[in-house]
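What follows is a short report on a single structure.
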Amino acid sequence: MTDPIEHAADILSKAKSTVALTGAGISVESGIPPFRGKGGLWEKIDPMKYAHIDAFLDNPETVWKVLIKDMKTLLDTARPNPGHTGLADMERLGILKTVITQNVDGLHQMAGSCDVIEFHGNFAWQSCLDCNRRVETSQVDLTRMPPRCICGGILRPDCVFFGEMIPDEALVRSQQVSAACDVMLVVGTSAMVQPAATMPFIAKDNGAVIIEINPEPTPLTARISNLPLLGGAGWIMPRLVEAIRRRLTCP
Ligand code: APR
């Protein structure tokens, strides 16, 4: 029985176009809690009350105080873990083309990944609801709630709230690269949120092999995953990259 990581390295080292789809789980080992499952944020607060655009527009001060302020504190100090750096290594080795990420923490880019599609936007920037001016989140004054633009308008993160559309370019390009890949590496997502969770199905329908990295099974595992690697991304990824390197240096 082949070691599943060795099996995955066989597949990835021969693939022509690999795409990764990542979720909150890849950032767990960077100290950022997931949304669902053990220690999940949505186990503590109701996303429909605090992460829906209508809730934000109804009461921006409460959403800033309950959700956004803590996110800023977490993301200000979060750094990439071996899960992120492993994907960046795969890109440098010519194994991985694109990362589609549902995360807004910017850790893939910080780890060195160059081609990253931010499906749900990025928390690094805020926009004014009135004049649309953009402000770096790190520059936002949190002593006043909700934080305001110099024009007096309320600031909102450049992330996709529930109830909002996915930015067109991110959606179309994600569908394109998912349809074109011959391997999709699905890392750290519960595959519960649409339309991100359709990407592995688009890939599968176009003949791709689905490799999943997650300590838990997901709705994908029994339905479309060809090779589930059960474990944390921070543990599996370095071993996977090492096994790929061995195959690239002595094929
Ligand atoms: N390595 C890999 N996967 C992990 C790890 C780890 N160390 N720890 C947890 N996981 C897995 C969990 O088992 C779970 O399947 O990561 C997944 C996290 O799932 P969610 O918290 O639902 O995150 P995600 O799939 O990204 O959520 C999608 O939902 O609330 C919205 O906008 C939010 O982008 C988010 C979207």
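Residues in the structure tokens are numbered from 1 in each chain, the chains being A, B, ... in the order shown, and ligands are numbered from 1 in the order shown.
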
Problem set entry | Per-residue DSSP, stretch 129-178 of chain A, filtered to helix (DSSP H, G or I), as a PyMOL selection string | chain A and resi 137-139+168-178

Keeping only all heavy atoms, write the selected residues to a file as a short mmCIF file (atom, residue, chain, number, x, y, z; two decimals), in the first residue's frame.
data_model
loop_
_atom_site.label_atom_id
_atom_site.label_comp_id
_atom_site.auth_asym_id
_atom_site.auth_seq_id
_atom_site.Cartn_x
_atom_site.Cartn_y
_atom_site.Cartn_z
N THR A 137 -5.82 48.74 6.09
CA THR A 137 -6.38 48.36 7.40
C THR A 137 -5.42 48.68 8.53
O THR A 137 -5.82 49.13 9.61
CB THR A 137 -6.72 46.86 7.41
OG1 THR A 137 -7.62 46.58 6.33
CG2 THR A 137 -7.36 46.43 8.72
N SER A 138 -4.11 48.52 8.25
CA SER A 138 -3.10 48.77 9.30
C SER A 138 -3.09 50.24 9.71
O SER A 138 -2.64 50.59 10.79
CB SER A 138 -1.71 48.36 8.80
OG SER A 138 -1.43 49.08 7.59
N GLN A 139 -3.63 51.13 8.86
CA GLN A 139 -3.63 52.58 9.17
C GLN A 139 -4.93 53.02 9.83
O GLN A 139 -5.12 54.19 10.16
CB GLN A 139 -3.44 53.39 7.87
CG GLN A 139 -2.22 53.01 7.05
CD GLN A 139 -0.93 53.08 7.87
OE1 GLN A 139 -0.70 54.07 8.58
NE2 GLN A 139 -0.12 52.04 7.81
N ASP A 168 -16.42 39.78 -9.87
CA ASP A 168 -16.53 39.12 -11.17
C ASP A 168 -15.24 38.47 -11.65
O ASP A 168 -15.21 37.29 -12.03
CB ASP A 168 -16.90 40.21 -12.22
CG ASP A 168 -18.35 40.01 -12.65
OD1 ASP A 168 -18.93 38.98 -12.25
OD2 ASP A 168 -18.86 40.86 -13.39
N GLU A 169 -14.15 39.26 -11.61
CA GLU A 169 -12.89 38.75 -12.16
C GLU A 169 -12.42 37.51 -11.40
O GLU A 169 -12.01 36.51 -11.98
CB GLU A 169 -11.81 39.85 -12.10
CG GLU A 169 -10.59 39.55 -12.97
CD GLU A 169 -9.31 40.19 -12.41
OE1 GLU A 169 -9.43 41.16 -11.64
OE2 GLU A 169 -8.24 39.66 -12.74
N ALA A 170 -12.57 37.54 -10.07
CA ALA A 170 -12.14 36.40 -9.25
C ALA A 170 -12.98 35.17 -9.59
O ALA A 170 -12.46 34.05 -9.74
CB ALA A 170 -12.28 36.74 -7.77
N LEU A 171 -14.28 35.37 -9.77
CA LEU A 171 -15.16 34.22 -10.05
C LEU A 171 -14.86 33.62 -11.42
O LEU A 171 -14.64 32.41 -11.55
CB LEU A 171 -16.63 34.67 -9.97
CG LEU A 171 -17.69 33.61 -10.24
CD1 LEU A 171 -17.57 32.45 -9.26
CD2 LEU A 171 -19.10 34.22 -10.18
N VAL A 172 -14.80 34.50 -12.43
CA VAL A 172 -14.59 33.99 -13.81
C VAL A 172 -13.24 33.31 -13.92
O VAL A 172 -13.13 32.19 -14.44
CB VAL A 172 -14.72 35.16 -14.82
CG1 VAL A 172 -14.27 34.72 -16.21
CG2 VAL A 172 -16.17 35.65 -14.84
N ARG A 173 -12.20 33.93 -13.39
CA ARG A 173 -10.86 33.34 -13.52
C ARG A 173 -10.77 32.02 -12.73
O ARG A 173 -10.15 31.05 -13.17
CB ARG A 173 -9.79 34.33 -13.06
CG ARG A 173 -8.43 33.82 -13.33
CD ARG A 173 -7.35 34.82 -13.62
NE ARG A 173 -6.18 34.00 -13.87
CZ ARG A 173 -5.23 33.72 -12.94
NH1 ARG A 173 -5.33 34.26 -11.72
NH2 ARG A 173 -4.22 32.92 -13.22
N SER A 174 -11.43 31.96 -11.58
CA SER A 174 -11.42 30.71 -10.79
C SER A 174 -12.09 29.59 -11.56
O SER A 174 -11.61 28.45 -11.60
CB SER A 174 -12.13 30.91 -9.45
OG SER A 174 -11.45 31.87 -8.68
N GLN A 175 -13.20 29.92 -12.21
CA GLN A 175 -13.90 28.90 -13.02
C GLN A 175 -13.01 28.45 -14.17
O GLN A 175 -12.92 27.25 -14.47
CB GLN A 175 -15.23 29.47 -13.53
CG GLN A 175 -16.27 29.69 -12.44
CD GLN A 175 -17.41 30.60 -12.88
OE1 GLN A 175 -17.26 31.44 -13.77
NE2 GLN A 175 -18.55 30.47 -12.21
N GLN A 176 -12.31 29.40 -14.79
CA GLN A 176 -11.46 29.07 -15.94
C GLN A 176 -10.31 28.15 -15.53
O GLN A 176 -10.08 27.09 -16.12
CB GLN A 176 -10.90 30.36 -16.58
CG GLN A 176 -11.94 31.15 -17.35
CD GLN A 176 -11.43 32.55 -17.73
OE1 GLN A 176 -10.48 33.09 -17.14
NE2 GLN A 176 -12.09 33.16 -18.71
N VAL A 177 -9.59 28.53 -14.46
CA VAL A 177 -8.42 27.72 -14.08
C VAL A 177 -8.87 26.37 -13.51
O VAL A 177 -8.20 25.35 -13.69
CB VAL A 177 -7.49 28.46 -13.10
CG1 VAL A 177 -6.93 29.74 -13.71
CG2 VAL A 177 -8.16 28.76 -11.77
N SER A 178 -10.06 26.34 -12.89
CA SER A 178 -10.56 25.05 -12.36
C SER A 178 -10.92 24.11 -13.51
O SER A 178 -10.68 22.91 -13.44
CB SER A 178 -11.79 25.29 -11.48
OG SER A 178 -11.44 26.07 -10.36
#

Problem set entry | Spatial neighbours of A:Thr101, max dist 7 Å, only C-alpha atoms, sep filter under 4 positions, as a PyMOL selection string | chain A and resi 21-23+116-119

Please write the residues from the selection above to a file, keeping all heavy atoms, as an mmCIF file, in the first residue's frame.
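Final output, saved to again.cif:
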data_model
loop_
_atom_site.group_PDB
_atom_site.id
_atom_site.type_symbol
_atom_site.label_atom_id
_atom_site.label_comp_id
_atom_site.auth_asym_id
_atom_site.auth_seq_id
_atom_site.Cartn_x
_atom_site.Cartn_y
_atom_site.Cartn_z
ATOM 1 N N LEU A 21 -7.094 25.035 -4.212
ATOM 2 C CA LEU A 21 -8.208 25.774 -3.603
ATOM 3 C C LEU A 21 -7.990 25.690 -2.101
ATOM 4 O O LEU A 21 -7.907 24.587 -1.546
ATOM 5 C CB LEU A 21 -9.564 25.148 -3.968
ATOM 6 C CG LEU A 21 -10.766 25.725 -3.191
ATOM 7 C CD1 LEU A 21 -11.065 27.158 -3.623
ATOM 8 C CD2 LEU A 21 -12.013 24.853 -3.362
ATOM 9 N N THR A 22 -7.844 26.862 -1.442
ATOM 10 C CA THR A 22 -7.585 26.817 0.004
ATOM 11 C C THR A 22 -8.704 27.495 0.787
ATOM 12 O O THR A 22 -9.400 28.377 0.290
ATOM 13 C CB THR A 22 -6.249 27.514 0.347
ATOM 14 O OG1 THR A 22 -6.347 28.914 0.071
ATOM 15 C CG2 THR A 22 -5.101 26.902 -0.435
ATOM 16 N N GLY A 23 -8.822 27.062 2.049
ATOM 17 C CA GLY A 23 -9.790 27.655 2.972
ATOM 18 C C GLY A 23 -9.122 27.939 4.303
ATOM 19 O O GLY A 23 -7.908 27.804 4.458
ATOM 20 N N VAL A 116 -2.332 34.384 -6.995
ATOM 21 C CA VAL A 116 -3.347 34.088 -5.968
ATOM 22 C C VAL A 116 -4.656 34.785 -6.346
ATOM 23 O O VAL A 116 -4.677 36.000 -6.568
ATOM 24 C CB VAL A 116 -2.907 34.595 -4.580
ATOM 25 C CG1 VAL A 116 -3.964 34.286 -3.515
ATOM 26 C CG2 VAL A 116 -1.562 33.957 -4.185
ATOM 27 N N ILE A 117 -5.722 34.012 -6.460
ATOM 28 C CA ILE A 117 -7.044 34.602 -6.706
ATOM 29 C C ILE A 117 -7.741 34.724 -5.361
ATOM 30 O O ILE A 117 -7.958 33.704 -4.682
ATOM 31 C CB ILE A 117 -7.893 33.730 -7.655
ATOM 32 C CG1 ILE A 117 -7.187 33.530 -8.994
ATOM 33 C CG2 ILE A 117 -9.284 34.353 -7.858
ATOM 34 C CD1 ILE A 117 -7.904 32.548 -9.936
ATOM 35 N N GLU A 118 -8.032 35.964 -4.941
ATOM 36 C CA GLU A 118 -8.650 36.174 -3.619
ATOM 37 C C GLU A 118 -10.172 36.175 -3.787
ATOM 38 O O GLU A 118 -10.791 37.199 -4.069
ATOM 39 C CB GLU A 118 -8.151 37.471 -3.012
ATOM 40 C CG GLU A 118 -6.647 37.388 -2.724
ATOM 41 C CD GLU A 118 -6.114 38.599 -2.018
ATOM 42 O OE1 GLU A 118 -6.326 39.732 -2.504
ATOM 43 O OE2 GLU A 118 -5.471 38.418 -0.975
ATOM 44 N N PHE A 119 -10.750 34.998 -3.616
ATOM 45 C CA PHE A 119 -12.156 34.761 -3.939
ATOM 46 C C PHE A 119 -13.090 35.611 -3.062
ATOM 47 O O PHE A 119 -14.154 36.036 -3.487
ATOM 48 C CB PHE A 119 -12.470 33.275 -3.717
ATOM 49 C CG PHE A 119 -13.609 32.753 -4.537
ATOM 50 C CD1 PHE A 119 -13.452 32.506 -5.890
ATOM 51 C CD2 PHE A 119 -14.846 32.522 -3.956
ATOM 52 C CE1 PHE A 119 -14.507 32.013 -6.652
ATOM 53 C CE2 PHE A 119 -15.904 32.027 -4.705
ATOM 54 C CZ PHE A 119 -15.731 31.778 -6.060
#

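With only C-alpha atoms as the basis for measurement, A:Thr18 is the residue among A:Thr2, A:Thr18, A:Thr62, A:Ser225 that approaches A:Val183 most closely.
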
Sorted per-residue table, chain A near ligand 1, closest atoms and distance, 6 Å, only C-alpha atoms and all ligand atoms, as CSV:
residue,atom,partner,partner_atom_place_in_ligand_line,distance
A:Gly23,CA,ligand 1,26 (O),3.2
A:Ala24,CA,ligand 1,26 (O),3.9
A:Gly25,CA,ligand 1,16 (O),3.2
A:Ile26,CA,ligand 1,1 (N),4.9
A:Val28,CA,ligand 1,7 (N),5.3
A:Glu29,CA,ligand 1,7 (N),5.6
A:Pro34,CA,ligand 1,21 (O),3.8
A:Phe35,CA,ligand 1,21 (O),3.3
A:Arg36,CA,ligand 1,21 (O),3.9
A:Gln102,CA,ligand 1,34 (O),4.3
A:Asn103,CA,ligand 1,34 (O),5.4
A:Val187,CA,ligand 1,2 (C),5.8
A:Gly188,CA,ligand 1,3 (N),3.3
A:Thr189,CA,ligand 1,25 (O),3.3
A:Ser190,CA,ligand 1,15 (O),3.5
A:Ala191,CA,ligand 1,25 (O),5.2
A:Val193,CA,ligand 1,28 (C),5.3
A:Ile213,CA,ligand 1,2 (C),5.8
A:Asn214,CA,ligand 1,3 (N),4.0
A:Pro215,CA,ligand 1,13 (O),5.4
A:Glu216,CA,ligand 1,13 (O),4.7
A:Gly232,CA,ligand 1,1 (N),3.5
A:Ala233,CA,ligand 1,1 (N),3.9

As an mmCIF file with C-alpha atoms, in the first residue's frame, please: every residue in stretch 21-239 of chain A that DSSP puts in strand (DSSP E or B).
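Printed below is result14.cif as written:
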data_model
loop_
_atom_site.group_PDB
_atom_site.id
_atom_site.type_symbol
_atom_site.label_atom_id
_atom_site.label_comp_id
_atom_site.auth_asym_id
_atom_site.auth_seq_id
_atom_site.Cartn_x
_atom_site.Cartn_y
_atom_site.Cartn_z
ATOM 1 C CA LEU A 21 -8.208 25.774 -3.603
ATOM 2 C CA THR A 22 -7.585 26.817 0.004
ATOM 3 C CA HIS A 52 -23.877 39.536 6.459
ATOM 4 C CA LEU A 96 1.499 24.763 -9.055
ATOM 5 C CA LYS A 97 0.017 27.419 -11.314
ATOM 6 C CA THR A 98 -2.591 29.230 -9.229
ATOM 7 C CA VAL A 99 -3.975 29.379 -5.711
ATOM 8 C CA ILE A 100 -7.683 30.133 -5.398
ATOM 9 C CA THR A 101 -8.103 31.171 -1.781
ATOM 10 C CA VAL A 116 -3.347 34.088 -5.968
ATOM 11 C CA ILE A 117 -7.044 34.602 -6.706
ATOM 12 C CA GLU A 118 -8.650 36.174 -3.619
ATOM 13 C CA GLY A 121 -11.304 39.750 -1.168
ATOM 14 C CA ASN A 122 -8.565 40.856 1.189
ATOM 15 C CA PHE A 123 -8.683 42.264 4.689
ATOM 16 C CA ALA A 124 -5.592 44.399 4.145
ATOM 17 C CA TRP A 125 -7.727 47.242 2.716
ATOM 18 C CA GLN A 126 -10.841 49.121 3.814
ATOM 19 C CA SER A 127 -13.168 51.209 1.606
ATOM 20 C CA CYS A 128 -15.349 54.196 2.485
ATOM 21 C CA ARG A 134 -9.407 53.034 0.114
ATOM 22 C CA VAL A 135 -7.387 52.932 3.316
ATOM 23 C CA GLU A 136 -4.896 50.285 4.452
ATOM 24 C CA ARG A 148 -14.392 56.565 9.505
ATOM 25 C CA ILE A 154 -17.884 54.634 7.489
ATOM 26 C CA LEU A 155 -15.087 52.226 6.504
ATOM 27 C CA ARG A 156 -15.755 48.591 5.513
ATOM 28 C CA PRO A 157 -13.250 45.801 4.841
ATOM 29 C CA ASP A 158 -12.542 44.929 1.176
ATOM 30 C CA CYS A 159 -13.866 41.434 1.908
ATOM 31 C CA PHE A 162 -22.446 36.995 3.170
ATOM 32 C CA VAL A 183 -5.021 18.283 -10.665
ATOM 33 C CA MET A 184 -6.797 20.310 -7.966
ATOM 34 C CA LEU A 185 -5.206 20.374 -4.501
ATOM 35 C CA VAL A 186 -8.006 21.240 -2.026
ATOM 36 C CA VAL A 187 -6.483 22.389 1.280
ATOM 37 C CA VAL A 209 -7.661 14.472 -10.132
ATOM 38 C CA ILE A 210 -8.792 15.874 -6.750
ATOM 39 C CA ILE A 211 -6.299 15.658 -3.866
ATOM 40 C CA GLU A 212 -7.644 16.854 -0.510
ATOM 41 C CA ILE A 213 -5.611 17.920 2.556
ATOM 42 C CA ASN A 214 -7.737 18.125 5.705
ATOM 43 C CA LEU A 227 -6.811 11.033 -2.803
ATOM 44 C CA PRO A 228 -7.677 12.411 0.665
ATOM 45 C CA LEU A 229 -4.557 13.192 2.747
ATOM 46 C CA LEU A 230 -5.930 13.193 6.307
#

For this session: Would you mind reading off the distance between atom CA of A:Lys65 and atom CA of A:Leu142, one decimal, in Å?
Result: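 Rounded to one decimal, the two atoms are 9.5 Å apart.
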
For this session: Rank A:Asp54, A:Trp64, A:Gly106, A:Ile166 by their smallest atom-to-atom distance to A:Thr143, using only C-alpha atoms, and report the top residue only.
Result: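 Once distances to A:Thr143 are computed over only C-alpha atoms, the minimum belongs to A:Trp64.
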
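Using only C-alpha atoms, the shortest contact distance between A:His108 and any of A:Ile150, A:Ala20, A:Ala203, A:Ile95 is found at A:Ala20.
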
Exercise. What does the distance from atom CA of A:Pro200 to atom CA of A:Phe161 come to in Å, to one decimal?
Worked result: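 Distance between the two atoms: 22.1 Å.
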
Problem set entry | Among the residues A:Ala111, A:Val140, A:Ile224, A:Cys181, the one that comes closest to A:Phe201 [using only C-alpha atoms] |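 Checking each candidate against A:Phe201, we get A:Ile224 as the closest.
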
For this session: One decimal, Å: what's the distance from atom CA of A:Cys250 over to atom CA of A:Ile5, could you say?
Result: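 Computing it gives 17.4 Å between the two atoms.
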